[in-house]
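Q: File work21.txt follows (compact mmCIF, C-alpha atoms):
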```txt
# COMPACT_ATOMS: atom_id res chain seq x y z
CA MET Z 30 0.00 0.00 0.00
CA LEU Z 31 1.36 3.37 -1.00
CA GLY Z 32 1.37 6.37 1.28
CA GLU Z 33 -0.60 9.56 0.68
CA THR Z 34 2.26 11.40 -1.04
CA ALA Z 35 2.98 8.51 -3.40
CA GLU Z 36 -0.74 8.29 -4.25
CA ARG Z 37 -0.84 12.02 -5.00
CA ILE Z 38 2.22 11.64 -7.23
CA LEU Z 39 0.59 8.73 -9.10
CA THR Z 40 -2.69 10.59 -9.55
CA THR Z 41 -0.91 13.67 -10.83
CA ALA Z 42 1.31 11.67 -13.19
CA ARG Z 43 -1.77 9.89 -14.57
CA SER Z 44 -3.54 13.21 -15.20
CA LEU Z 45 -0.47 14.73 -16.82
CA MET Z 46 -0.01 11.68 -19.07
CA MET Z 47 -3.65 11.79 -20.16
CA GLU Z 48 -3.27 15.46 -20.97
CA ARG Z 49 0.22 15.40 -22.56
CA GLY Z 50 1.46 11.86 -23.12
CA TYR Z 51 4.65 10.31 -21.78
CA SER Z 52 7.27 12.61 -23.25
CA ALA Z 53 5.64 15.94 -22.43
CA PHE Z 54 5.53 15.76 -18.63
CA SER Z 55 8.35 15.87 -16.12
CA TYR Z 56 9.04 15.56 -12.42
CA ALA Z 57 9.09 19.38 -12.36
CA ASP Z 58 5.44 19.37 -13.49
CA ILE Z 59 4.56 16.89 -10.76
CA SER Z 60 6.55 18.84 -8.19
CA GLU Z 61 4.59 21.99 -8.97
CA ALA Z 62 1.19 20.27 -8.98
CA VAL Z 63 1.75 18.22 -5.80
CA GLU Z 64 3.73 21.02 -4.13
CA ILE Z 65 6.70 18.89 -3.13
CA LYS Z 66 10.34 19.01 -4.15
CA LYS Z 67 11.64 16.81 -6.97
CA PRO Z 68 13.90 14.79 -4.61
CA SER Z 69 10.75 13.72 -2.73
CA ILE Z 70 9.29 12.38 -5.99
CA HIS Z 71 12.54 10.53 -6.68
CA HIS Z 72 12.36 9.05 -3.18
CA HIS Z 73 9.01 7.42 -4.04
CA PHE Z 74 9.69 6.79 -7.74
CA PRO Z 75 13.41 6.89 -8.60
CA THR Z 76 12.75 6.96 -12.35
CA LYS Z 77 10.08 8.35 -14.62
CA ALA Z 78 9.72 4.92 -16.23
CA GLY Z 79 9.15 3.38 -12.80
CA LEU Z 80 6.50 5.99 -12.03
CA VAL Z 81 4.70 5.34 -15.31
CA VAL Z 82 4.88 1.58 -14.74
CA ALA Z 83 3.19 2.12 -11.36
CA VAL Z 84 0.47 4.24 -13.02
CA LEU Z 85 -0.10 1.54 -15.65
CA GLN Z 86 -0.18 -1.25 -13.05
CA ALA Z 87 -2.87 0.64 -11.11
CA HIS Z 88 -4.77 1.25 -14.37
CA ARG Z 89 -4.66 -2.46 -15.26
CA GLU Z 90 -5.76 -3.41 -11.74
CA ARG Z 91 -8.77 -1.06 -12.11
CA LEU Z 92 -9.55 -2.76 -15.44
CA ILE Z 93 -9.39 -6.23 -13.88
CA GLN Z 94 -11.52 -5.20 -10.89
CA GLY Z 95 -13.97 -3.32 -13.10
CA THR Z 96 -14.49 -6.17 -15.54
CA ALA Z 97 -14.84 -8.63 -12.64
CA ALA Z 98 -17.52 -6.36 -11.15
CA ILE Z 99 -19.30 -6.21 -14.50
CA ASP Z 100 -19.14 -10.01 -14.78
CA SER Z 101 -20.61 -10.47 -11.30
CA LYS Z 102 -23.44 -7.96 -11.79
CA ILE Z 103 -24.51 -8.55 -15.39
CA GLU Z 104 -25.52 -12.00 -16.62
CA SER Z 105 -25.77 -11.09 -20.29
CA PRO Z 106 -22.40 -11.15 -22.12
CA LEU Z 107 -23.63 -8.51 -24.58
CA GLY Z 108 -24.80 -6.46 -21.59
CA ARG Z 109 -21.31 -6.76 -20.07
CA ILE Z 110 -19.69 -5.37 -23.19
CA GLN Z 111 -22.31 -2.61 -23.31
CA ALA Z 112 -21.52 -1.77 -19.67
CA TYR Z 113 -17.80 -1.57 -20.46
CA VAL Z 114 -18.46 0.80 -23.36
CA GLN Z 115 -20.91 2.85 -21.28
CA HIS Z 116 -18.26 3.20 -18.58
CA TRP Z 117 -15.96 4.93 -21.08
CA GLU Z 118 -18.84 6.93 -22.52
CA GLY Z 119 -19.51 8.32 -19.03
CA CYS Z 120 -15.81 9.01 -18.40
CA ILE Z 121 -15.55 10.93 -21.68
CA ARG Z 122 -18.81 12.82 -21.13
CA ASP Z 123 -17.91 13.75 -17.53
CA LYS Z 124 -14.23 14.35 -18.40
CA THR Z 125 -13.21 12.20 -15.42
CA VAL Z 126 -10.95 9.85 -17.41
CA PRO Z 127 -11.30 10.96 -21.02
CA PHE Z 128 -8.85 8.40 -22.39
CA CYS Z 129 -7.47 4.98 -21.55
CA ILE Z 130 -3.93 5.73 -20.42
CA ALA Z 131 -2.61 2.47 -21.91
CA ALA Z 132 -4.17 3.26 -25.30
CA LEU Z 133 -2.71 6.75 -25.18
CA LEU Z 134 0.76 5.42 -24.38
CA ALA Z 135 0.46 2.75 -27.08
CA ALA Z 136 0.70 5.58 -29.62
CA GLU Z 137 4.17 6.34 -28.21
CA MET Z 138 5.38 2.71 -28.06
CA PRO Z 139 8.53 3.12 -30.17
CA SER Z 140 9.91 5.83 -27.89
CA LEU Z 141 8.87 4.36 -24.52
CA PRO Z 142 11.30 2.60 -22.17
CA GLU Z 143 11.10 -1.20 -22.34
CA GLU Z 144 9.44 -1.60 -18.92
CA VAL Z 145 6.69 0.87 -19.89
CA ARG Z 146 6.12 -0.90 -23.23
CA ALA Z 147 5.78 -4.19 -21.35
CA GLU Z 148 3.10 -2.72 -19.05
CA VAL Z 149 1.15 -1.28 -21.99
CA THR Z 150 1.19 -4.73 -23.60
CA LEU Z 151 0.01 -6.38 -20.36
CA HIS Z 152 -2.94 -3.99 -20.22
CA PHE Z 153 -3.95 -4.73 -23.81
CA ASN Z 154 -3.60 -8.47 -23.14
CA ALA Z 155 -5.84 -8.27 -20.06
CA LEU Z 156 -8.53 -6.34 -21.93
CA GLU Z 157 -8.33 -8.63 -24.97
CA ASP Z 158 -8.65 -11.73 -22.77
CA TRP Z 159 -11.77 -10.37 -21.07
CA LEU Z 160 -13.36 -9.29 -24.34
CA GLU Z 161 -12.59 -12.65 -25.98
CA ARG Z 162 -14.07 -14.62 -23.05
CA THR Z 163 -17.14 -12.38 -23.03
CA LEU Z 164 -17.65 -12.65 -26.78
CA LYS Z 165 -17.41 -16.46 -26.63
CA ALA Z 166 -19.96 -16.52 -23.80
CA GLY Z 167 -22.25 -14.29 -25.88
CA VAL Z 168 -22.04 -16.66 -28.84
CA LYS Z 169 -22.97 -19.59 -26.57
CA LYS Z 170 -26.00 -17.66 -25.32
CA HIS Z 171 -26.94 -16.63 -28.88
CA GLU Z 172 -26.66 -12.94 -27.96
CA ILE Z 173 -23.56 -12.20 -30.01
CA GLN Z 174 -22.68 -13.06 -33.59
CA LEU Z 175 -19.11 -13.03 -34.76
CA GLN Z 176 -17.87 -12.52 -38.30
CA ASN Z 177 -14.36 -13.68 -37.37
CA SER Z 178 -12.74 -15.58 -34.51
CA ALA Z 179 -13.44 -14.32 -31.00
CA ALA Z 180 -9.78 -13.27 -30.71
CA THR Z 181 -9.99 -11.19 -33.90
CA GLU Z 182 -13.33 -9.68 -32.87
CA ALA Z 183 -11.90 -8.81 -29.43
CA GLN Z 184 -9.00 -7.00 -31.10
CA ALA Z 185 -11.40 -5.20 -33.46
CA LEU Z 186 -13.68 -4.12 -30.63
CA MET Z 187 -10.72 -2.93 -28.57
CA ALA Z 188 -9.43 -0.94 -31.57
CA MET Z 189 -12.88 0.57 -32.15
CA VAL Z 190 -13.27 1.66 -28.54
CA HIS Z 191 -9.78 3.15 -28.41
CA GLY Z 192 -10.20 4.74 -31.84
CA ALA Z 193 -13.52 6.21 -30.72
CA MET Z 194 -11.73 7.73 -27.72
CA LEU Z 195 -9.23 9.29 -30.07
CA SER Z 196 -11.97 10.67 -32.34
CA ALA Z 197 -13.87 12.04 -29.35
CA ARG Z 198 -10.72 13.77 -28.15
CA ALA Z 199 -9.86 15.19 -31.58
CA LEU Z 200 -13.38 16.48 -32.18
CA SER Z 201 -14.15 17.42 -28.54
CA SER Z 202 -17.33 15.38 -28.83
CA GLY Z 203 -18.47 12.54 -26.62
CA GLU Z 204 -21.26 11.97 -29.14
CA VAL Z 205 -18.67 10.74 -31.66
CA PHE Z 206 -17.61 8.05 -29.18
CA LYS Z 207 -21.21 6.95 -28.72
CA THR Z 208 -21.90 6.85 -32.47
CA ILE Z 209 -18.85 4.69 -33.19
CA THR Z 210 -19.33 2.30 -30.29
CA ASP Z 211 -23.09 1.96 -30.89
CA ALA Z 212 -22.29 0.81 -34.43
CA ALA Z 213 -19.74 -1.70 -33.11
CA LEU Z 214 -22.22 -3.10 -30.58
CA LYS Z 215 -24.98 -3.30 -33.18
CA ARG Z 216 -22.68 -5.31 -35.46
CA LEU Z 217 -22.04 -7.81 -32.64
CA SER Z 218 -25.68 -8.22 -31.62
CA ALA Z 219 -27.20 -11.49 -32.77
CA PRO Z 220 -30.62 -11.20 -34.43
CA LYS Z 221 -33.48 -11.87 -32.03
CA ARG Z 222 -34.81 -15.42 -32.30
```
Any chance you could put this one into structure tokens?
A:
Amino acid sequence: MLGETAERILTTARSLMMERGYSAFSYADISEAVEIKKPSIHHHFPTKAGLVVAVLQAHRERLIQGTAAIDSKIESPLGRIQAYVQHWEGCIRDKTVPFCIAALLAAEMPSLPEEVRAEVTLHFNALEDWLERTLKAGVKKHEIQLQNSAATEAQALMAMVHGAMLSARALSSGEVFKTITDAALKRLSAPKR
């Protein structure tokens, strides 16, 4: 368990990364926002890469806990995927978390340190695994129809959701996110029997 100062550093780093990306924030930015000296940040997180890895690990843990909560509350596999998409729709609309930090950092993969690239990949793997399992369960329940393998459809859905985030950010419109993801969900929905 991290202390209060470390948590404030992580929260600030996450916000700065969502706003600017990996390369455009520094410990000086965090120092100013958290109102502590840079050596204090280095005490908690000796390297920027280590700090970003900690942010990504927390982000992946929220994903795992969030999808587990969706699984436990919603019986319908299609309903689970809809809930996941609606979560992001709400985050974009409310500007609480307007972008998946792992998706944002994926755009910078070639220039990221190896340990950060590894964490981004772990996040994508965790999301893909959940989507694939959920899609397969939806096919079994005749709620979801797939045009390709569940693995391919999971990748496509993940790309659509992340691409919709990007479009929403570029156009400053949460409605764009909803339009794109509604089309993706409609494509997956099996015809009513």
Q: Neighbouring residues of segment 194-209 of chain Z were defined as those with any atom within 7 Å, considering all atoms listed in the file; residues of the same chain fewer than 2 positions away were excluded. Please report them as a PyMOL selection string.
A: chain Z and resi 118+121-122+128+190-192+211-213
Q: Tell me which of Z:Asn177, Z:Gln111, Z:Ser105, Z:Gln86 sits closest to Arg146 of chain Z, counting only C-alpha atoms.
A: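 Under the stated criterion, the closest residue is Z:Gln86.
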Q: Got a sec: who's within 12 Å of Ile130 of chain Z, counting only C-alpha atoms, leaving out chain neighbours fewer than 6 positions off, as a PDB file with C-alpha atoms, in the frame of the given file?
A:
```pdb
ATOM      1  CA  THR Z  40      -2.690  10.590  -9.550  1.00  0.00           C
ATOM      2  CA  ALA Z  42       1.310  11.670 -13.190  1.00  0.00           C
ATOM      3  CA  ARG Z  43      -1.770   9.890 -14.570  1.00  0.00           C
ATOM      4  CA  SER Z  44      -3.540  13.210 -15.200  1.00  0.00           C
ATOM      5  CA  LEU Z  45      -0.470  14.730 -16.820  1.00  0.00           C
ATOM      6  CA  MET Z  46      -0.010  11.680 -19.070  1.00  0.00           C
ATOM      7  CA  MET Z  47      -3.650  11.790 -20.160  1.00  0.00           C
ATOM      8  CA  GLU Z  48      -3.270  15.460 -20.970  1.00  0.00           C
ATOM      9  CA  ARG Z  49       0.220  15.400 -22.560  1.00  0.00           C
ATOM     10  CA  GLY Z  50       1.460  11.860 -23.120  1.00  0.00           C
ATOM     11  CA  TYR Z  51       4.650  10.310 -21.780  1.00  0.00           C
ATOM     12  CA  VAL Z  81       4.700   5.340 -15.310  1.00  0.00           C
ATOM     13  CA  VAL Z  82       4.880   1.580 -14.740  1.00  0.00           C
ATOM     14  CA  VAL Z  84       0.470   4.240 -13.020  1.00  0.00           C
ATOM     15  CA  LEU Z  85      -0.100   1.540 -15.650  1.00  0.00           C
ATOM     16  CA  GLN Z  86      -0.180  -1.250 -13.050  1.00  0.00           C
ATOM     17  CA  ALA Z  87      -2.870   0.640 -11.110  1.00  0.00           C
ATOM     18  CA  HIS Z  88      -4.770   1.250 -14.370  1.00  0.00           C
ATOM     19  CA  ARG Z  89      -4.660  -2.460 -15.260  1.00  0.00           C
ATOM     20  CA  ARG Z  91      -8.770  -1.060 -12.110  1.00  0.00           C
ATOM     21  CA  LEU Z  92      -9.550  -2.760 -15.440  1.00  0.00           C
ATOM     22  CA  ALA Z 136       0.700   5.580 -29.620  1.00  0.00           C
ATOM     23  CA  GLU Z 137       4.170   6.340 -28.210  1.00  0.00           C
ATOM     24  CA  VAL Z 145       6.690   0.870 -19.890  1.00  0.00           C
ATOM     25  CA  GLU Z 148       3.100  -2.720 -19.050  1.00  0.00           C
ATOM     26  CA  VAL Z 149       1.150  -1.280 -21.990  1.00  0.00           C
ATOM     27  CA  HIS Z 152      -2.940  -3.990 -20.220  1.00  0.00           C
ATOM     28  CA  PHE Z 153      -3.950  -4.730 -23.810  1.00  0.00           C
ATOM     29  CA  HIS Z 191      -9.780   3.150 -28.410  1.00  0.00           C
ATOM     30  CA  MET Z 194     -11.730   7.730 -27.720  1.00  0.00           C
ATOM     31  CA  LEU Z 195      -9.230   9.290 -30.070  1.00  0.00           C
TER      32      LEU Z 195
END
```
Q: In Å, with one decimal, what is the gap from atom CA of Leu107 of chain Z to atom CA of Leu134 of chain Z?
A: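 Separating atom CA of Leu107 of chain Z from atom CA of Leu134 of chain Z is a distance of 28.1 Å.
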Q: Around segment 35-49 of chain Z, fit a box with edges along x, y and z, padding it by 5 Å on each side, then list its centre and edge lengths in Å to one decimal as AutoDock Vina command-line options.
A:
```
--center_x -0.3 --center_y 11.9 --center_z -13.0 --size_x 16.6 --size_y 17.2 --size_z 29.2
```
Q: Report the distance between atom CA of Ile70 of chain Z and atom CA of Ile38 of chain Z in Å, rounded to one decimal place.
A: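 Result for atom CA of Ile70 of chain Z versus atom CA of Ile38 of chain Z: 7.2 Å, one decimal.
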Q: Figure out the distance between atom CA of Phe54 of chain Z and atom CA of Ala35 of chain Z, please, to one decimal in Å.
A: 17.1 Å
Q: Here is a test: counting only C-alpha atoms, which residue of Z:Ala180, Z:Met189, Z:Ile93, Z:Ile110 is nearest to Ser218 of chain Z?
A: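 Among the listed residues, Z:Ile110 lies closest to Ser218 of chain Z.
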Q: With all atoms listed in the file as the atoms that count, which of Z:Trp159, Z:Leu133, Z:Thr210, Z:Ile65 lies nearest to Trp117 of chain Z?
A: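 That would be Z:Thr210, the residue with the smallest distance to Trp117 of chain Z.
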Q: Quick one: residues within 12 Å of Leu160 of chain Z, only C-alpha atoms counted, chain neighbours fewer than 3 positions away excluded, as a PyMOL selection string?
A: chain Z and resi 92-93+96-97+99-100+106-107+109-111+113-114+153-157+163-167+178-188+190
